[in-house]
Structures are given as structure tokens and as C-alpha cells.
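First the structure, in the form of C-alpha cells, and then the observations on it.
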Amino acid sequence: MSDKYNKRKEYPMYSGLVTYFPNALKEISHCSWIGQQQHNPDKPLAWDRSKSGDELDAMLRHLTDHAKGIEFDECGVRHIVKCCWRLLAITEKILEKEQKC
């Protein structure tokens, strides 16, 4: 087997992500949908990065609310789920930036 094939096996997206966290991923995807309804309800689902630039501050605001025992944000999404969404967003931006270098 080629090195490229072996390297791909180190990223088991289905067996190491989807099967581990199906409920969490479902909630994060719903968070994306809720955000779309709030910010761009007339457009197809897409990450509007112009309205999403303070991932770490937003993540900590949601984490603080979660720590205070406030389970849900006013839109009905759990604060801890919004933390996950924001961490995925900042991770994606960091990885994209690295790929451009």
C-alpha cells in the first residue's frame, strides 16, 4: 500500500468521529441550521463568515453560561453545543490558514 493510502487511514472520519459522537454531531449540525435561520433565513445553509469572527470570545461566553447552569441559549440550542460549534469554526480557520502557507 502507498504511503498516501496509509496516511488517509489515520483519519477515520466515519469510524473515529461519526460513530463515536452521533448525537453531538447531530446537535452541532442543528446549531448550524438554527444560526442560518437567525442570520440568513432566505438563503441555503452556508457558513456566513462575515457574521462569525469572534469564535474564542463567543465560545467562552457560551461556556460561562453553561458553567452557570444555564443549559439553553435563547434560540433553544444548548450553550455547550454552541461551544463545540465555535471550537470547530476556529479549528477550521486555523487549518485553512496552515494549508495556504
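By order of appearance in the C-alpha cells: chains A, B, ..., then residues from 1 within every chain, and ligands from 1 in the order shown.
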| Could you pull the residues within 12 Å of Asp48 in chain A, counting only C-alpha atoms, minus those fewer than 2 positions along the same chain, as a count of residues only? | 18
| Could you pull out all residues of range 7-99 of chain A with a DSSP call of alpha helix (DSSP H) and give them as a ChimeraX atom specification? | /A:7-8,22-39,55-67,79-99
| request: Might you pull out every residue within 9 Å of range 63-75 of chain A, with only C-alpha atoms counted and same-chain residues fewer than 5 positions away left off, and present them as a list of chain:residue names? | output: A:Ile34, A:Gly35, A:Gln38, A:Ala58, A:Ile80, A:Lys82, A:Cys83
| From A:Ile90, A:Leu95, A:Glu10, A:Tyr20, residue lying nearest Asp57 in chain A [only C-alpha atoms] |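 The closest residue to Asp57 in chain A is A:Ile90.
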| If you measure from CA of Cys84 in chain A to CA of Ala24 in chain A, what distance in Å do you get, rounded to one decimal? |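 For CA of Cys84 in chain A relative to CA of Ala24 in chain A, the distance reads 8.8 Å.
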| field | Nearest to Lys93 in chain A, chosen from A:Asn23, A:Asp42, A:Leu56, A:Asn6, with only C-alpha atoms counted in the distances | value |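 Nearest candidate to Lys93 in chain A out of A:Asn23, A:Asp42, A:Leu56, A:Asn6: A:Leu56.
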| task | Tell me, in Å to one decimal, how far CA of Val81 in chain A is from CA of Glu27 in chain A. | result |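 Computing the Euclidean distance for CA of Val81 in chain A and CA of Glu27 in chain A yields 6.7 Å.
Minimum atom-to-atom distance to Arg49 in chain A, evaluated using only C-alpha atoms, belongs to A:Arg86 out of A:Arg61, A:Arg86, A:His30, A:Arg78.
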